[in-house]
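Pasting query-v2.cif here (mmCIF, C-alpha atoms and all ligand atoms):
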```cif
data_my_file
#
loop_
_atom_site.label_atom_id
_atom_site.label_comp_id
_atom_site.auth_asym_id
_atom_site.auth_seq_id
_atom_site.Cartn_x
_atom_site.Cartn_y
_atom_site.Cartn_z
CA MET H 1 12.17 -18.59 4.64
CA SER H 2 10.82 -15.08 4.35
CA TYR H 3 7.26 -14.56 3.21
CA LEU H 4 7.97 -12.16 0.35
CA GLU H 5 11.39 -11.78 -1.14
CA PHE H 6 12.81 -9.47 -3.80
CA ARG H 7 16.00 -10.93 -5.24
CA SER H 8 18.09 -8.55 -7.34
CA VAL H 9 14.95 -7.21 -8.99
CA THR H 10 15.44 -4.67 -11.77
CA LYS H 11 13.00 -2.94 -14.06
CA ARG H 12 13.68 -0.84 -17.12
CA TYR H 13 11.35 0.75 -19.60
CA GLY H 14 13.43 1.03 -22.75
CA PRO H 15 16.52 3.01 -21.78
CA VAL H 16 15.05 4.17 -18.48
CA GLU H 17 16.19 2.26 -15.42
CA VAL H 18 13.34 2.45 -12.90
CA VAL H 19 14.43 -0.15 -10.35
CA ALA H 20 18.12 -0.84 -9.69
CA PRO H 21 19.01 -4.28 -8.35
CA PHE H 22 16.64 -4.34 -5.42
CA ASP H 23 16.72 -6.78 -2.52
CA LEU H 24 14.20 -6.90 0.30
CA GLU H 25 12.68 -9.51 2.56
CA VAL H 26 9.26 -9.06 4.13
CA ALA H 27 8.10 -11.26 7.00
CA GLU H 28 4.61 -12.72 7.17
CA GLY H 29 2.31 -10.35 9.03
CA GLU H 30 4.66 -7.41 8.66
CA PHE H 31 3.51 -3.90 7.78
CA VAL H 32 6.08 -2.36 5.46
CA VAL H 33 5.82 1.24 4.25
CA PHE H 34 7.56 2.47 1.09
CA LEU H 35 8.53 6.12 1.39
CA GLY H 36 10.33 7.93 -1.38
CA PRO H 37 10.38 10.77 -3.89
CA SER H 38 7.87 10.97 -6.70
CA GLY H 39 8.85 8.91 -9.74
CA CYS H 40 11.38 6.76 -7.85
CA GLY H 41 9.68 3.48 -8.76
CA LYS H 42 7.41 2.65 -5.82
CA THR H 43 4.32 1.97 -7.93
CA THR H 44 6.43 -0.08 -10.32
CA LEU H 45 7.59 -2.30 -7.43
CA MET H 46 4.00 -2.72 -6.24
CA ARG H 47 2.77 -3.61 -9.72
CA MET H 48 5.46 -6.28 -9.93
CA VAL H 49 4.38 -7.78 -6.60
CA GLY H 50 0.79 -7.69 -7.82
CA GLY H 51 1.78 -9.59 -10.95
CA LEU H 52 0.80 -6.75 -13.30
CA GLU H 53 4.41 -6.22 -14.45
CA GLN H 54 7.37 -8.54 -14.81
CA PRO H 55 10.84 -7.67 -13.50
CA SER H 56 13.41 -7.09 -16.27
CA SER H 57 15.70 -9.34 -14.26
CA GLY H 58 15.76 -10.91 -10.82
CA ARG H 59 12.88 -12.62 -9.04
CA ILE H 60 10.13 -11.96 -6.59
CA LEU H 61 9.20 -14.93 -4.42
CA LEU H 62 6.08 -15.43 -2.33
CA ARG H 63 6.53 -18.24 0.21
CA GLY H 64 9.56 -19.29 -1.80
CA GLN H 65 7.62 -19.58 -5.08
CA PRO H 66 8.01 -17.25 -8.07
CA LEU H 67 5.03 -14.94 -8.45
CA GLY H 68 2.47 -15.74 -11.12
CA PRO H 69 -0.29 -13.61 -12.62
CA PRO H 70 -2.57 -11.66 -10.26
CA ASP H 71 -4.54 -13.87 -7.88
CA ARG H 72 -6.74 -13.63 -4.81
CA ARG H 73 -3.84 -13.85 -2.37
CA ARG H 74 -2.81 -10.35 -3.40
CA GLY H 75 -5.29 -7.52 -2.92
CA MET H 76 -4.48 -4.17 -4.46
CA VAL H 77 -5.61 -0.62 -3.93
CA PHE H 78 -4.04 1.76 -6.41
CA GLN H 79 -3.48 5.48 -6.64
CA SER H 80 -6.09 5.94 -9.35
CA TYR H 81 -9.71 5.65 -8.33
CA SER H 82 -10.72 2.16 -9.26
CA ALA H 83 -14.33 1.07 -8.92
CA PHE H 84 -16.09 -1.11 -11.50
CA PRO H 85 -18.59 1.18 -13.23
CA TRP H 86 -21.03 -1.64 -14.03
CA LEU H 87 -21.56 -2.53 -10.36
CA THR H 88 -23.16 -0.46 -7.60
CA VAL H 89 -21.08 0.64 -4.62
CA ALA H 90 -22.26 -2.39 -2.60
CA GLY H 91 -21.80 -4.62 -5.66
CA ASN H 92 -18.20 -3.48 -5.91
CA VAL H 93 -17.50 -4.40 -2.29
CA ALA H 94 -19.23 -7.79 -2.61
CA TYR H 95 -17.33 -8.48 -5.84
CA GLY H 96 -14.10 -8.84 -3.84
CA MET H 97 -15.64 -11.85 -2.05
CA ARG H 98 -17.02 -13.65 -5.12
CA TYR H 99 -14.73 -16.65 -4.70
CA ARG H 100 -14.99 -16.92 -0.92
CA ARG H 101 -16.62 -20.33 -0.50
CA ASP H 102 -15.96 -20.13 3.24
CA LEU H 103 -18.54 -17.36 3.61
CA THR H 104 -22.32 -17.81 3.35
CA ALA H 105 -24.39 -15.32 1.37
CA ALA H 106 -25.58 -13.79 4.67
CA GLU H 107 -22.01 -13.43 5.91
CA LYS H 108 -21.03 -11.74 2.67
CA ARG H 109 -23.91 -9.30 3.04
CA ALA H 110 -22.87 -8.56 6.63
CA ARG H 111 -19.24 -8.04 5.60
CA THR H 112 -20.29 -5.76 2.77
CA ALA H 113 -22.34 -3.68 5.21
CA HIS H 114 -19.49 -3.61 7.74
CA PHE H 115 -16.87 -2.34 5.30
CA LEU H 116 -19.26 0.15 3.70
CA ARG H 117 -19.91 1.55 7.17
CA LEU H 118 -16.18 1.67 7.84
CA VAL H 119 -15.49 3.83 4.80
CA GLY H 120 -18.62 5.91 5.37
CA LEU H 121 -20.56 4.83 2.29
CA THR H 122 -23.59 3.09 3.80
CA ASP H 123 -25.91 5.71 2.36
CA PHE H 124 -24.39 5.24 -1.08
CA ALA H 125 -24.61 1.43 -1.22
CA HIS H 126 -26.99 1.45 -4.19
CA GLN H 127 -25.37 4.34 -6.03
CA TRP H 128 -23.34 3.90 -9.24
CA PRO H 129 -19.63 4.77 -9.13
CA ASN H 130 -19.94 7.50 -11.79
CA ARG H 131 -22.39 9.32 -9.53
CA ILE H 132 -19.99 9.67 -6.59
CA SER H 133 -16.77 11.66 -6.11
CA GLY H 134 -13.23 10.40 -6.80
CA GLY H 135 -12.45 10.20 -3.08
CA MET H 136 -15.59 8.12 -2.55
CA ARG H 137 -14.63 5.78 -5.38
CA GLN H 138 -11.27 5.34 -3.68
CA ARG H 139 -13.11 4.37 -0.49
CA VAL H 140 -15.09 1.78 -2.49
CA ALA H 141 -11.79 0.24 -3.64
CA ILE H 142 -10.47 0.19 -0.06
CA ALA H 143 -13.66 -1.49 1.24
CA ARG H 144 -13.60 -4.05 -1.58
CA THR H 145 -9.98 -4.98 -0.90
CA LEU H 146 -10.39 -5.23 2.87
CA ALA H 147 -13.59 -7.27 2.51
CA ALA H 148 -11.92 -9.70 0.11
CA GLY H 149 -9.51 -10.75 2.87
CA SER H 150 -6.40 -11.30 0.75
CA GLU H 151 -3.35 -12.42 2.70
CA ILE H 152 -1.19 -9.61 1.36
CA LEU H 153 -2.47 -6.08 0.82
CA LEU H 154 -0.71 -3.83 -1.67
CA MET H 155 -1.82 -0.28 -1.04
CA ASP H 156 -0.49 2.57 -3.17
CA GLU H 157 -1.26 5.89 -1.47
CA PRO H 158 -4.77 4.64 -0.70
CA PHE H 159 -5.71 7.41 1.73
CA GLY H 160 -4.36 10.35 -0.25
CA ALA H 161 -7.73 11.78 -1.22
CA LEU H 162 -9.44 11.41 2.17
CA ASP H 163 -10.16 14.08 4.76
CA ALA H 164 -8.03 14.00 7.93
CA LEU H 165 -10.55 12.36 10.22
CA ARG H 166 -11.57 9.59 7.85
CA ARG H 167 -7.93 9.01 7.08
CA GLU H 168 -7.14 8.60 10.77
CA ARG H 169 -10.07 6.22 11.24
CA LEU H 170 -8.98 4.08 8.30
CA GLN H 171 -5.36 4.05 9.47
CA LEU H 172 -6.45 2.69 12.86
CA GLU H 173 -8.76 0.14 11.28
CA LEU H 174 -6.18 -1.03 8.75
CA ARG H 175 -3.63 -1.52 11.50
CA ARG H 176 -6.18 -3.41 13.61
CA ILE H 177 -7.14 -5.71 10.73
CA GLN H 178 -3.50 -6.31 9.86
CA ARG H 179 -2.65 -7.24 13.48
CA GLU H 180 -5.73 -9.33 14.25
CA GLU H 181 -5.81 -11.22 10.98
CA GLY H 182 -2.05 -11.48 10.50
CA ARG H 183 -2.10 -9.85 7.08
CA THR H 184 1.05 -8.67 5.38
CA VAL H 185 0.85 -5.11 4.06
CA ILE H 186 3.00 -3.08 1.69
CA PHE H 187 1.84 0.50 1.79
CA VAL H 188 3.11 3.46 -0.23
CA THR H 189 2.79 6.97 1.12
CA HIS H 190 4.44 10.38 0.84
CA ASP H 191 3.28 11.29 4.32
CA VAL H 192 6.02 10.75 6.96
CA GLU H 193 3.52 10.83 9.79
CA GLU H 194 1.36 8.18 8.17
CA ALA H 195 4.49 6.09 7.62
CA ALA H 196 5.57 6.38 11.27
CA PHE H 197 2.07 5.59 12.50
CA LEU H 198 1.34 2.54 10.36
CA ALA H 199 4.63 0.82 9.74
CA ASP H 200 6.50 -1.94 11.46
CA ARG H 201 9.32 -0.95 9.13
CA VAL H 202 9.78 1.99 6.77
CA ILE H 203 11.86 1.59 3.62
CA VAL H 204 13.12 4.96 2.40
CA PHE H 205 13.99 5.05 -1.31
CA THR H 206 16.49 7.09 -3.26
CA ARG H 207 15.42 8.84 -6.40
CA ARG H 208 15.06 6.72 -9.55
CA PRO H 209 16.29 4.06 -10.02
CA ALA H 210 14.71 2.79 -6.82
CA ARG H 211 17.29 1.75 -4.26
CA ILE H 212 17.06 1.57 -0.50
CA LEU H 213 18.43 4.71 1.15
CA ALA H 214 17.51 3.67 4.69
CA GLU H 215 15.42 1.24 6.68
CA VAL H 216 13.79 2.32 9.92
CA ASP H 217 12.52 -0.32 12.33
CA VAL H 218 9.51 1.49 13.76
CA THR H 219 8.27 -1.37 15.93
CA ALA H 220 11.65 -1.63 17.66
CA ARG H 221 11.47 2.08 18.41
CA LEU H 222 7.81 2.66 19.26
CA GLY H 223 6.46 -0.81 20.06
CA PRO H 224 3.82 -2.69 18.08
CA GLU H 225 0.77 -0.64 19.11
CA SER H 226 -0.50 2.18 16.90
CA THR H 227 -2.68 4.31 19.13
CA LEU H 228 -3.73 7.93 19.04
CA GLU H 229 -1.85 8.51 22.34
CA LEU H 230 1.32 7.27 20.70
CA ARG H 231 0.80 9.81 17.96
CA GLY H 232 1.10 12.61 20.48
CA SER H 233 4.28 11.27 22.12
CA ALA H 234 7.80 12.74 21.95
CA GLU H 235 9.18 9.41 20.63
CA PHE H 236 6.73 9.48 17.76
CA PHE H 237 7.61 13.06 16.92
CA ALA H 238 11.34 12.29 16.94
CA LEU H 239 10.86 9.35 14.59
CA ARG H 240 8.67 11.38 12.26
CA ASN H 241 11.38 14.08 12.11
CA GLU H 242 14.00 11.48 11.34
CA LEU H 243 11.95 10.19 8.41
CA LEU H 244 11.42 13.73 7.21
CA ALA H 245 15.18 14.39 7.29
CA LEU H 246 15.75 11.23 5.22
CA VAL H 247 13.13 12.28 2.66
CA ARG H 248 14.66 15.77 2.50
CA SER H 249 18.07 14.30 1.83
CA THR H 250 16.72 12.60 -1.32
CA ASP H 251 15.50 16.01 -2.45
CA GLU H 252 18.92 17.62 -1.92
CA GLU H 253 20.40 14.85 -3.98
CA GLU H 254 18.12 16.03 -6.80
CA GLU H 255 19.36 19.63 -6.52
CA ALA H 256 22.95 18.45 -6.39
CA THR H 257 22.62 16.45 -9.62
CA ALA H 258 20.58 19.06 -11.55
CA PRO H 259 22.49 20.53 -14.53
N1 LIG J 301 4.89 1.92 -18.51
C1 LIG J 301 5.92 2.78 -18.38
N2 LIG J 301 6.66 3.17 -19.44
C2 LIG J 301 7.70 4.01 -19.32
N3 LIG J 301 8.09 4.56 -18.15
C3 LIG J 301 7.39 4.25 -17.05
C4 LIG J 301 6.27 3.35 -17.10
N4 LIG J 301 5.77 3.22 -15.84
C5 LIG J 301 6.55 4.01 -15.07
N5 LIG J 301 7.51 4.62 -15.78
C6 LIG J 301 8.54 5.52 -15.25
O1 LIG J 301 9.15 4.89 -14.16
C7 LIG J 301 9.45 5.81 -13.13
C8 LIG J 301 8.88 5.33 -11.82
O2 LIG J 301 7.48 5.38 -11.89
P1 LIG J 301 6.57 4.96 -10.64
O3 LIG J 301 5.17 5.22 -11.05
O4 LIG J 301 6.92 3.59 -10.21
O5 LIG J 301 7.04 6.01 -9.53
P2 LIG J 301 6.45 6.27 -8.08
O6 LIG J 301 7.58 6.13 -7.13
O7 LIG J 301 5.27 5.44 -7.86
O8 LIG J 301 6.04 7.83 -8.15
P3 LIG J 301 4.84 8.59 -7.38
O9 LIG J 301 5.28 8.76 -5.97
O10 LIG J 301 4.76 9.91 -8.11
O11 LIG J 301 3.61 7.78 -7.55
C9 LIG J 301 8.90 7.15 -13.58
O12 LIG J 301 9.98 7.93 -14.06
C10 LIG J 301 7.93 6.79 -14.69
O13 LIG J 301 7.88 7.82 -15.64
MG MG J 302 3.31 5.86 -7.59
#
```
How does this structure look as structure tokens?
Ligand SMILES: Nc1ncnc2c1ncn2[C@@H]1O[C@H](COP(=O)(O)OP(=O)(O)OP(=O)(O)O)[C@@H](O)[C@H]1O
Ligand SMILES: [Mg+2]
Amino acid sequence: MSYLEFRSVTKRYGPVEVVAPFDLEVAEGEFVVFLGPSGCGKTTLMRMVGGLEQPSSGRILLRGQPLGPPDRRRGMVFQSYSAFPWLTVAGNVAYGMRYRRDLTAAEKRARTAHFLRLVGLTDFAHQWPNRISGGMRQRVAIARTLAAGSEILLMDEPFGALDALRRERLQLELRRIQREEGRTVIFVTHDVEEAAFLADRVIVFTRRPARILAEVDVTARLGPESTLELRGSAEFFALRNELLALVRSTDEEEEATAP
């Protein structure tokens, strides 16, 4: 039995078909990247996995069970900057752990400090979200979700607003956490290099309605390790170019169908 399974999932908003019958199986502990043109339905698929939207038809199964409303097993980081305005930065990160009975108060404080350090917000722990920048609020959401320790992480372009170095640091850390703790990740990005670096498997989408154009098994090609050395290798570069060619082909499709 696969861990997460999309079975003939469709989604329409009125007359607009956003997801065509979509089938995908994700293994437990796998890092899957969704890569595809803007507006093709990636966020819609993520919202359905998160339980925020229902498929128009078809089913999404988690460990063989139909998905219910949002719960702690699924942690989400979305494109829009989401920090709770009524909690401080540290309060936001701790909030993700509010139901963790397996952690003592001291452990929660230590985890909060650890993830704040990771996203570079230690000095802003007691600040209010409306006093920090959008990129910083995004980092708060990332820290909160990682600290919460959900078994599946749904991340929708989480690193888009970050500078290159912090982005690289968070990519390495996310991959480390995913490997060491056996988390399953679905990650949306427009960045082919980020996709090649993070993924076990990249799913390339067509334009709307979302269908699978290609699947690239990155781990089979590059091995399971995501290191900075790998990033400089010829194999990595070749794979990145392949992904870029696939993304470009979805763009040509757009030109070909334009009136
Ligand atoms: N609530 C809604 N009502 C009507 N149409 C919607 C709704 N949500 C999404 N759509 C439409 O569905 C399509 C897919 O949207 P979605 O946000 O899933 O795309 P995306 O692949 O995440 O794009 P991007 O890469 O730009 O984030 C778009 O054409 C969008 O306008
Ligand atoms: Mg989106």
*List all protein, DNA and RNA residues that have any atom at most 12 Å from ligand LIG 301 (chain J), counting only C-alpha atoms and all ligand atoms, and write the list as a ChimeraX atom specification.*
/H:10-20,34-48,52-54,78-80,155-158,160,187-191,204-211
*CA of Gln65 in chain H to CA of Ala147 in chain H, distance in Å rounded to a single decimal*: 25.7 Å
_One number please: CA of Trp128 in chain H to CA of Ala94 in chain H, in Å, one decimal._
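Atom-to-atom, CA of Trp128 in chain H and CA of Ala94 in chain H are spaced 14.1 Å apart.
Pairwise distance (CA of Leu174 in chain H, CA of Val33 in chain H) equals 13.0 Å.
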*Write out as a list in words each polymer residue whose atoms come within 12 Å of Phe237 in chain H, counting all atoms listed in the file; drop sequence neighbours fewer than 5 positions from it.*
Val192, Glu193, Glu194, Ala196, Phe197, Arg221, Leu222, Glu229, Leu230, Arg231, Gly232, Glu242, Leu243 and Leu244 of chain H
*Using only C-alpha atoms, which of H:Ser8, H:Thr219, H:Gln138, H:Ser133 sits nearest Ser56 in chain H?*
H:Ser8
*Which one of H:Arg59, H:Ser249, H:Val77, H:Phe22 sits closest to ligand MG 302 (chain J) if you count only C-alpha atoms and all ligand atoms?*
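Between H:Arg59, H:Ser249, H:Val77, H:Phe22, the residue approaching ligand MG 302 (chain J) most closely is H:Val77.
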Since the input lacks some atoms of range 208-223 of chain H, please model N, CA and C atoms and print them as a compact mmCIF listing (two decimals), in the coordinates of the input.
```txt
# COMPACT_ATOMS: atom_id res chain seq x y z
N ARG H 208 14.94 7.75 -8.53
CA ARG H 208 15.06 6.72 -9.55
C ARG H 208 16.53 6.54 -9.98
N PRO H 209 16.99 5.33 -10.22
CA PRO H 209 16.29 4.06 -10.02
C PRO H 209 16.16 3.70 -8.53
N ALA H 210 15.03 3.10 -8.21
CA ALA H 210 14.71 2.79 -6.82
C ALA H 210 15.78 1.93 -6.18
N ARG H 211 16.35 2.48 -5.12
CA ARG H 211 17.29 1.75 -4.26
C ARG H 211 16.95 2.12 -2.83
N ILE H 212 17.39 1.28 -1.89
CA ILE H 212 17.06 1.57 -0.50
C ILE H 212 18.08 2.56 0.07
N LEU H 213 17.57 3.71 0.51
CA LEU H 213 18.43 4.71 1.15
C LEU H 213 18.58 4.38 2.63
N ALA H 214 17.48 3.99 3.26
CA ALA H 214 17.51 3.67 4.69
C ALA H 214 16.33 2.79 5.05
N GLU H 215 16.51 2.04 6.14
CA GLU H 215 15.42 1.24 6.68
C GLU H 215 15.24 1.66 8.12
N VAL H 216 14.03 1.92 8.54
CA VAL H 216 13.79 2.32 9.92
C VAL H 216 12.84 1.31 10.56
N ASP H 217 13.31 0.68 11.62
CA ASP H 217 12.52 -0.32 12.33
C ASP H 217 11.62 0.39 13.35
N VAL H 218 10.42 0.70 12.93
CA VAL H 218 9.51 1.49 13.76
C VAL H 218 9.06 0.71 14.98
N THR H 219 8.76 -0.57 14.81
CA THR H 219 8.27 -1.37 15.93
C THR H 219 9.32 -1.48 17.03
N ALA H 220 10.59 -1.58 16.65
CA ALA H 220 11.65 -1.63 17.66
C ALA H 220 11.71 -0.31 18.44
N ARG H 221 11.37 0.77 17.78
CA ARG H 221 11.47 2.08 18.41
C ARG H 221 10.23 2.46 19.22
N LEU H 222 9.05 2.16 18.64
CA LEU H 222 7.81 2.66 19.26
C LEU H 222 6.94 1.55 19.84
N GLY H 223 7.32 0.30 19.63
CA GLY H 223 6.46 -0.81 20.06
C GLY H 223 5.44 -1.11 18.98
```
